[in-house]
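Data block for protein-v1.cif (mmCIF, C-alpha atoms and all ligand atoms):
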```cif
data_final
loop_
_atom_site.label_atom_id
_atom_site.label_comp_id
_atom_site.auth_asym_id
_atom_site.auth_seq_id
_atom_site.Cartn_x
_atom_site.Cartn_y
_atom_site.Cartn_z
CA MET A 978 3.10 -12.38 -17.39
CA PRO A 979 -0.58 -13.17 -16.73
CA LEU A 980 -2.31 -11.03 -14.14
CA SER A 981 -2.71 -13.96 -11.75
CA ASN A 982 1.10 -14.26 -11.55
CA ARG A 983 1.44 -10.56 -10.77
CA LEU A 984 -0.88 -10.45 -7.74
CA GLN A 985 -0.44 -12.07 -4.36
CA LEU A 986 -2.55 -12.06 -1.23
CA VAL A 987 -1.01 -12.65 2.19
CA SER A 988 -2.19 -12.20 5.75
CA GLY A 989 0.11 -10.89 8.48
CA ASP A 990 2.79 -8.36 9.31
CA ILE A 991 3.99 -6.41 6.27
CA THR A 992 7.33 -5.51 7.88
CA VAL A 993 8.71 -9.04 7.52
CA LEU A 994 8.00 -9.42 3.82
CA GLU A 995 10.99 -9.88 1.54
CA VAL A 996 10.02 -7.54 -1.26
CA ASP A 997 11.80 -4.63 -2.92
CA ALA A 998 9.43 -2.08 -1.37
CA ILE A 999 6.80 -2.04 1.32
CA VAL A 1000 4.13 0.62 1.46
CA THR A 1001 3.12 2.14 4.77
CA ALA A 1002 -0.09 4.06 5.57
CA ALA A 1003 1.42 7.35 6.67
CA ASN A 1004 0.07 10.71 7.80
CA ALA A 1005 0.55 13.95 5.89
CA ALA A 1006 3.36 15.05 8.19
CA LEU A 1007 5.24 11.76 7.57
CA ALA A 1008 5.79 11.91 11.31
CA GLY A 1009 5.35 8.23 12.15
CA GLY A 1010 2.38 7.03 14.16
CA GLY A 1011 0.52 3.90 15.17
CA GLY A 1012 -0.88 1.00 13.18
CA VAL A 1013 1.14 -0.22 10.24
CA ASP A 1014 3.22 2.97 10.19
CA GLY A 1015 4.28 2.40 13.80
CA ALA A 1016 5.29 -1.16 12.97
CA VAL A 1017 7.25 -0.05 9.89
CA HIS A 1018 9.12 2.66 11.80
CA ARG A 1019 9.94 0.27 14.65
CA ALA A 1020 11.26 -2.37 12.26
CA ALA A 1021 13.22 0.08 10.08
CA GLY A 1022 14.80 1.98 12.97
CA PRO A 1023 15.21 5.70 13.73
CA GLN A 1024 16.97 6.53 10.46
CA LEU A 1025 13.62 6.15 8.71
CA LEU A 1026 12.03 8.98 10.67
CA ALA A 1027 15.15 11.08 10.16
CA GLU A 1028 14.82 10.73 6.37
CA CYS A 1029 11.06 11.39 6.56
CA ARG A 1030 11.76 14.68 8.34
CA THR A 1031 13.70 15.88 5.30
CA LEU A 1032 10.71 15.41 2.97
CA ASP A 1033 8.43 18.24 4.08
CA GLY A 1034 5.35 16.03 4.41
CA CYS A 1035 3.09 14.58 1.74
CA PRO A 1036 -0.47 15.55 0.81
CA SER A 1037 -3.16 12.90 1.04
CA GLY A 1038 -3.59 11.04 -2.22
CA GLU A 1039 0.16 11.01 -2.84
CA ALA A 1040 3.21 9.08 -1.67
CA ARG A 1041 6.92 9.57 -0.99
CA ILE A 1042 9.80 7.08 -1.10
CA THR A 1043 12.69 6.50 1.30
CA ALA A 1044 15.26 3.81 1.99
CA GLY A 1045 14.23 0.77 4.01
CA TYR A 1046 17.05 0.85 6.59
CA GLY A 1047 16.57 -2.11 8.98
CA LEU A 1048 13.87 -3.72 6.86
CA ALA A 1049 14.42 -6.50 4.36
CA ALA A 1050 12.79 -4.16 1.84
CA ARG A 1051 15.12 -1.77 -0.02
CA HIS A 1052 12.50 1.00 0.02
CA VAL A 1053 9.59 2.23 2.09
CA ILE A 1054 6.86 4.03 0.19
CA HIS A 1055 4.90 6.33 2.49
CA ALA A 1056 1.36 6.60 1.10
CA VAL A 1057 -1.09 9.05 2.62
CA GLY A 1058 -4.69 7.94 2.31
CA PRO A 1059 -7.78 10.00 3.10
CA ILE A 1060 -9.39 10.31 6.50
CA TYR A 1061 -12.86 8.90 5.81
CA ALA A 1062 -15.58 11.50 6.27
CA GLY A 1063 -18.65 9.76 4.85
CA GLY A 1064 -17.43 9.43 1.28
CA ILE A 1065 -18.56 12.85 0.09
CA GLN A 1066 -15.17 14.55 0.14
CA GLY A 1067 -13.54 12.75 -2.74
CA GLU A 1068 -12.13 10.04 -0.48
CA ALA A 1069 -12.40 7.34 -3.16
CA GLU A 1070 -10.30 9.32 -5.63
CA THR A 1071 -7.83 10.27 -2.90
CA LEU A 1072 -7.44 6.63 -1.88
CA ALA A 1073 -6.92 5.55 -5.50
CA GLY A 1074 -4.36 8.34 -5.83
CA ALA A 1075 -2.38 7.04 -2.86
CA TYR A 1076 -2.14 3.63 -4.57
CA ARG A 1077 -1.31 5.07 -8.01
CA SER A 1078 1.32 7.43 -6.64
CA SER A 1079 2.95 4.51 -4.80
CA LEU A 1080 2.99 2.40 -7.96
CA GLN A 1081 4.43 5.28 -9.97
CA LEU A 1082 7.26 5.75 -7.49
CA ALA A 1083 7.90 2.03 -7.48
CA ALA A 1084 8.19 1.97 -11.26
CA GLU A 1085 10.53 4.99 -11.24
CA HIS A 1086 12.80 3.21 -8.75
CA ALA A 1087 12.87 -0.10 -10.63
CA VAL A 1088 10.92 -1.85 -7.87
CA ARG A 1089 9.97 -5.32 -9.06
CA THR A 1090 8.08 -6.51 -5.98
CA ILE A 1091 5.96 -4.37 -3.68
CA ALA A 1092 3.53 -4.99 -0.80
CA PHE A 1093 0.59 -2.80 0.21
CA PRO A 1094 -1.31 -2.72 3.50
CA CYS A 1095 -5.02 -1.79 3.51
CA ILE A 1096 -4.43 1.97 3.41
CA SER A 1097 -6.88 4.20 5.35
CA THR A 1098 -8.89 1.31 6.83
CA GLY A 1099 -7.51 1.58 10.38
CA VAL A 1100 -7.29 4.88 12.25
CA TYR A 1101 -8.53 6.74 9.15
CA GLY A 1102 -11.81 4.81 9.19
CA TYR A 1103 -12.35 3.95 5.52
CA PRO A 1104 -14.94 1.14 5.18
CA GLN A 1105 -12.97 -2.01 4.46
CA ARG A 1106 -15.06 -3.43 1.62
CA GLN A 1107 -15.02 -0.18 -0.36
CA ALA A 1108 -11.33 0.37 0.30
CA CYS A 1109 -10.57 -3.19 -0.82
CA GLN A 1110 -12.36 -2.65 -4.12
CA ILE A 1111 -10.50 0.62 -4.75
CA ALA A 1112 -7.15 -0.96 -3.84
CA ILE A 1113 -7.57 -3.96 -6.11
CA ASP A 1114 -9.15 -2.12 -9.03
CA THR A 1115 -6.46 0.60 -8.97
CA VAL A 1116 -3.63 -1.94 -8.86
CA VAL A 1117 -5.18 -4.10 -11.59
CA ALA A 1118 -5.61 -1.05 -13.84
CA TRP A 1119 -1.99 -0.06 -13.25
CA LEU A 1120 -0.66 -3.53 -14.01
CA GLY A 1121 -2.61 -3.49 -17.26
CA GLY A 1122 -0.54 -0.58 -18.52
CA ASN A 1123 2.82 -0.96 -16.79
CA ALA A 1124 5.55 -3.59 -16.60
CA LEU A 1125 6.74 -2.42 -13.16
CA PRO A 1126 6.23 -3.36 -10.46
CA GLU A 1127 6.12 -6.94 -11.66
CA VAL A 1128 4.39 -8.40 -8.60
CA VAL A 1129 2.07 -6.66 -6.14
CA THR A 1130 1.30 -8.28 -2.79
CA PHE A 1131 -1.77 -7.24 -0.85
CA CYS A 1132 -0.83 -7.71 2.79
CA CYS A 1133 -3.97 -7.91 4.91
CA PHE A 1134 -3.80 -7.81 8.67
CA GLY A 1135 -6.33 -10.37 9.81
CA GLU A 1136 -8.93 -12.65 8.31
CA PRO A 1137 -11.78 -10.16 7.64
CA ASP A 1138 -9.67 -8.13 5.21
CA THR A 1139 -8.08 -11.23 3.72
CA ALA A 1140 -11.54 -12.66 3.01
CA LEU A 1141 -12.69 -9.43 1.35
CA TYR A 1142 -9.62 -9.35 -0.88
CA ARG A 1143 -9.94 -13.02 -1.78
CA GLN A 1144 -13.57 -12.48 -2.76
CA ARG A 1145 -12.84 -9.42 -4.89
CA LEU A 1146 -10.00 -11.18 -6.69
CA ILE A 1147 -12.28 -14.14 -7.44
CA GLU A 1148 -14.91 -11.71 -8.80
CA LEU A 1149 -12.26 -10.40 -11.18
CA GLY A 1150 -11.33 -13.93 -12.21
CA VAL A 1151 -7.86 -13.67 -10.70
CA GLU A 1152 -6.41 -16.71 -9.00
CA CYS A 1153 -3.44 -15.65 -6.95
CA GLY A 1154 -1.05 -17.15 -4.44
N1 LIG B 1 1.23 -5.14 8.81
C1 LIG B 1 0.23 -5.00 7.90
N2 LIG B 1 -0.90 -4.31 8.14
C2 LIG B 1 -1.03 -3.73 9.35
C3 LIG B 1 -0.03 -3.81 10.35
C4 LIG B 1 1.15 -4.57 10.04
N3 LIG B 1 2.16 -4.71 10.91
N4 LIG B 1 -0.45 -3.14 11.45
C5 LIG B 1 -1.68 -2.64 11.16
N5 LIG B 1 -2.03 -3.00 9.89
P1 LIG B 1 -3.61 2.14 9.99
P2 LIG B 1 -4.64 4.36 8.30
C6 LIG B 1 -3.25 -2.69 9.13
O1 LIG B 1 -4.39 2.62 11.14
O2 LIG B 1 -6.04 3.96 8.58
C7 LIG B 1 -0.99 5.97 11.61
O3 LIG B 1 -0.85 6.47 12.90
C8 LIG B 1 -4.49 -2.30 9.90
O4 LIG B 1 -5.13 -3.45 10.44
O5 LIG B 1 -2.21 1.71 10.20
O6 LIG B 1 -4.25 4.69 6.89
C9 LIG B 1 -0.38 6.85 10.56
O7 LIG B 1 0.78 7.53 10.99
C10 LIG B 1 -5.31 -1.66 8.78
O8 LIG B 1 -5.94 -2.66 8.01
O9 LIG B 1 -3.55 3.27 8.81
C11 LIG B 1 -1.51 7.80 10.26
O10 LIG B 1 -1.57 8.84 11.22
C12 LIG B 1 -4.26 -0.99 7.91
O11 LIG B 1 -3.00 -1.55 8.33
C13 LIG B 1 -2.74 6.93 10.38
O12 LIG B 1 -2.38 5.89 11.28
C14 LIG B 1 -4.20 0.51 7.99
O13 LIG B 1 -4.44 0.95 9.33
C15 LIG B 1 -3.12 6.31 9.07
O14 LIG B 1 -4.32 5.61 9.21
#
```
Just dump the structure as structure tokens.
Amino acid sequence: MPLSNRLQLVSGDITVLEVDAIVTAANAALAGGGGVDGAVHRAAGPQLLAECRTLDGCPSGEARITAGYGLAARHVIHAVGPIYAGGIQGEAETLAGAYRSSLQLAAEHAVRTIAFPCISTGVYGYPQRQACQIAIDTVVAWLGGNALPEVVTFCCFGEPDTALYRQRLIELGVECG
């Protein structure tokens, strides 16, 4: 499948997407929180937090997988991005790791369709343009070497992020839906 058929860009609430797995931007305790994680936990219901409590947390730069409970998605992948501290503490590599770890888990669980929010760009303060480039470049590199997931949706929350993603995809020559 050509790359342009394997990438999608949408704007809005990730919790309503009908994909095999949605990714949430979690904290290292996997304790739930605000932002996208709050929305995911609210939509999935209390069983999600109960399963998270069995996982013993997750270091930043990695991810963990659970069931999706009340969500349309079969799985939630809890990715822990870096807290941005000026870019001199390896944040770029940690952010890329959160995406790669999520994609690896997705492949291991036969996930064909997955949606990502803009990890670390809310409460964790990662500059949106840089985070967008890392997100897209990491996903594109993964898709180049792996058959699963088949389709990756970038789910931006609002027009500024959507515009950044659209621009980066055009720079890479990718036309996506
Ligand atoms: N659907 C898609 N994207 C969303 C949604 C939604 N429903 N709601 C917010 N976003 P953030 P972080 C976007 O702060 O920076 C939590 O408390 C939001 O606009 O959710 O990685 C966790 O538990 C932004 O672009 O995540 C951690 O403690 C993006 O999601 C901490 O925040 C990420 O913003 C993680 O911080």
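For the residues A:Ala1118, A:Val1100, A:Val993, A:Cys1035, ranking by smallest atom-to-atom distance to Val1017 of chain A using only C-alpha atoms places A:Val993 first.
Proximal residues of ligand LIG 1 (chain B) are Gly989, Asp990, Ile991, Ala1002, Ala1003, Asn1004, Gly1009, Gly1010, Gly1011, Gly1012, Val1013, Asp1014, Ala1016, Gly1058, Pro1094, Cys1095, Ile1096, Ser1097, Thr1098, Gly1099, Val1100, Tyr1101, Gly1102, Cys1132, Cys1133 and Phe1134 of chain A, by a cut-off of 6 Å on all atoms listed in the file.
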Create the file for the chosen residues now, containing C-alpha atoms and written as a CSV table (one decimal), in the coordinates of the input.
```csv
chain,number,residue,atom,x,y,z
A,989,GLY,CA,0.1,-10.9,8.5
A,990,ASP,CA,2.8,-8.4,9.3
A,991,ILE,CA,4.0,-6.4,6.3
A,1002,ALA,CA,-0.1,4.1,5.6
A,1003,ALA,CA,1.4,7.4,6.7
A,1004,ASN,CA,0.1,10.7,7.8
A,1009,GLY,CA,5.4,8.2,12.2
A,1010,GLY,CA,2.4,7.0,14.2
A,1011,GLY,CA,0.5,3.9,15.2
A,1012,GLY,CA,-0.9,1.0,13.2
A,1013,VAL,CA,1.1,-0.2,10.2
A,1014,ASP,CA,3.2,3.0,10.2
A,1016,ALA,CA,5.3,-1.2,13.0
A,1058,GLY,CA,-4.7,7.9,2.3
A,1094,PRO,CA,-1.3,-2.7,3.5
A,1095,CYS,CA,-5.0,-1.8,3.5
A,1096,ILE,CA,-4.4,2.0,3.4
A,1097,SER,CA,-6.9,4.2,5.4
A,1098,THR,CA,-8.9,1.3,6.8
A,1099,GLY,CA,-7.5,1.6,10.4
A,1100,VAL,CA,-7.3,4.9,12.2
A,1101,TYR,CA,-8.5,6.7,9.2
A,1102,GLY,CA,-11.8,4.8,9.2
A,1132,CYS,CA,-0.8,-7.7,2.8
A,1133,CYS,CA,-4.0,-7.9,4.9
A,1134,PHE,CA,-3.8,-7.8,8.7
```
**Complete:** In Å and to one decimal, atom CA of Ser981 of chain A is distant from atom CA of Val1117 of chain A by 10.2 Å
**Item:** Nearest-residue call for Ser1037 of chain A, choices A:Asp997, A:Glu1085, A:Glu1070, A:Asp1114, using all atoms listed in the file
**Value:**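 So, comparing all the options, the nearest one is A:Glu1070.
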**Asked** Could you state the separation of atom CA of Gly1034 of chain A and atom CA of Ile1054 of chain A in Å, given to one decimal place?
**Response** 12.8 Å
**Message:** Using all atoms listed in the file for the distances, tell me which of A:Val996, A:Ile1065, A:Leu1141, A:Leu1082 is nearest to Gln1110 of chain A.
**Reply:** A:Leu1141
**Using only C-alpha atoms: which of A:Cys1109, A:Gly1022, A:Phe1093, A:Arg1041 has the shortest distance to Ala1140 of chain A** =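 Checking each candidate against Ala1140 of chain A, we get A:Cys1109 as the closest.
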**Item:** Between atom CA of Ala1027 of chain A and atom CA of Arg1051 of chain A - distance in Å to one decimal
**Value:**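 Atom CA of Arg1051 of chain A sits 16.4 Å away from atom CA of Ala1027 of chain A.
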**Prompt:** Excluding same-chain residues fewer than 3 positions from Pro1126 of chain A, what lies within 6 Å of it counting all atoms listed in the file, as a ChimeraX atom specification?
**Reply:** /A:1084,1088-1090
**Request:** Would you mind listing what lies within 9 Å of Ala1050 of chain A as a PyMOL selection string, with all atoms listed in the file counted and same-chain residues fewer than 6 positions away left out?
**Result:** chain A and resi 992-999+1044+1091
**Item:** Nearest to Gln1144 of chain A by atom-to-atom distance, counting all atoms listed in the file, from A:Leu1025, A:Leu1032, A:Ala1083, A:Leu986
**Value:**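 Ranked by minimum distance to Gln1144 of chain A, first place goes to A:Leu986.
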**Asked** Looking at A:Ala1069, A:Ile1111, A:Ile1060, A:His1052, which one is nearest to Pro1036 of chain A, with distances taken over all atoms listed in the file?
**Response** A:Ile1060
**Request:** Please identify all polymer residues within 9 Å of Gly1074 of chain A, counting only C-alpha atoms, omitting same-chain residues fewer than 2 positions from it, and present them as a list in words.
**Result:** Ser1037, Gly1038, Glu1039, Ala1040, Gly1058, Ala1069, Glu1070, Thr1071, Leu1072, Tyr1076, Arg1077, Ser1078, Ser1079 and Thr1115 of chain A
